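Step one of this worksheet: look at the structure below.
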Amino acid sequence: MSKNRKLDFRPNEYVVYPAHGVGQIISIEEQEVAGIELELFVISFEKDKMTLRVPTHKATEVGMRSLSSPDVVAHAMKTLKGKAKVKRAMWSRRAQEYEQKINSGDLIAIAEVVCDLHRADDQREQSYSERQLYEAALERLTREVAAVGGTGEDVAQRQVDDVLLSRAA
């Protein structure tokens, strides 16, 4: 195990873990697993009341990354203003693609999902699965926008809502 580039992340730093969204590294600890000494990032996902331990040497391999830059957040907001690009494929195929985009941890891809699945008040009702995917993508987007901007999630939620509503106007 090479230990040369393991400390890309530090305690108290916010990171994005693809499958779970924004979390905070609370510590780096040593733990013995199956007779092997491992160094682990301990990441807390406060809102989900979850703690995740990721081996430091596997962090980048699994897609863990630092928060997006303000430029990437601005690009994601611009993506939200765009026109929804809903493909004519079967819903199951589209749902699978949306799920992959959400779990990729890529902020722009998540913004695309929010954009595609957002419904204005005058549009048809969403199905249960559409709503679930939309809410998951919206939550990931909002949490990262809040963490990057240093604001609360409610402020970030209003920013995202304002962008989505301005698009409908």
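Labeling convention for the structure tokens: chains A, B, ... as they appear, residues from 1 per chain, ligands from 1 in order of appearance.
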
Subject >> Surrounding residues of range 76-92 of chain A excluding itself and chain neighbours under 2 positions, 9 Å, only C-alpha atoms, as a PyMOL selection string >> reply: chain A and resi 71-74+94-97+107-118+141+159-160+163-168

Original post:
Using the chain letters and numbers from this document, which residues of range 9-131 of chain A does DSSP assign to alpha helix (DSSP H), as JSON, numbers by chain?
Top reply: {"A": [70, 71, 72, 73, 74, 75, 76, 77, 78, 79, 80, 81, 91, 92, 93, 94, 95, 96, 97, 98, 99, 100, 101, 102, 103, 104, 107, 108, 109, 110, 111, 112, 113, 114, 115, 116, 117, 128, 129, 130, 131]}

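Distances here use only C-alpha atoms; by that measure, the residue among A:Lys58, A:Lys49, A:Lys101, A:Arg124 closest to Ala19 in chain A is A:Lys101.
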
Glu37 in chain A environment, 12 Å, only C-alpha atoms, sequence neighbours closer than 4 positions dropped, as a PDB file with C-alpha atoms, in the first residue's frame:
ATOM      1  CA  MET A   1       0.000   0.000   0.000  1.00  0.00           C
ATOM      2  CA  GLU A  29      -7.824   6.536  12.589  1.00  0.00           C
ATOM      3  CA  GLU A  30      -5.838   3.309  12.544  1.00  0.00           C
ATOM      4  CA  GLN A  31      -7.827   0.086  12.714  1.00  0.00           C
ATOM      5  CA  GLU A  32      -6.913  -3.567  12.368  1.00  0.00           C
ATOM      6  CA  VAL A  33      -9.104  -5.426   9.885  1.00  0.00           C
ATOM      7  CA  PRO A  55      -9.449   3.384   3.787  1.00  0.00           C
ATOM      8  CA  THR A  56      -7.201   6.367   3.028  1.00  0.00           C
TER       9      THR A  56
END
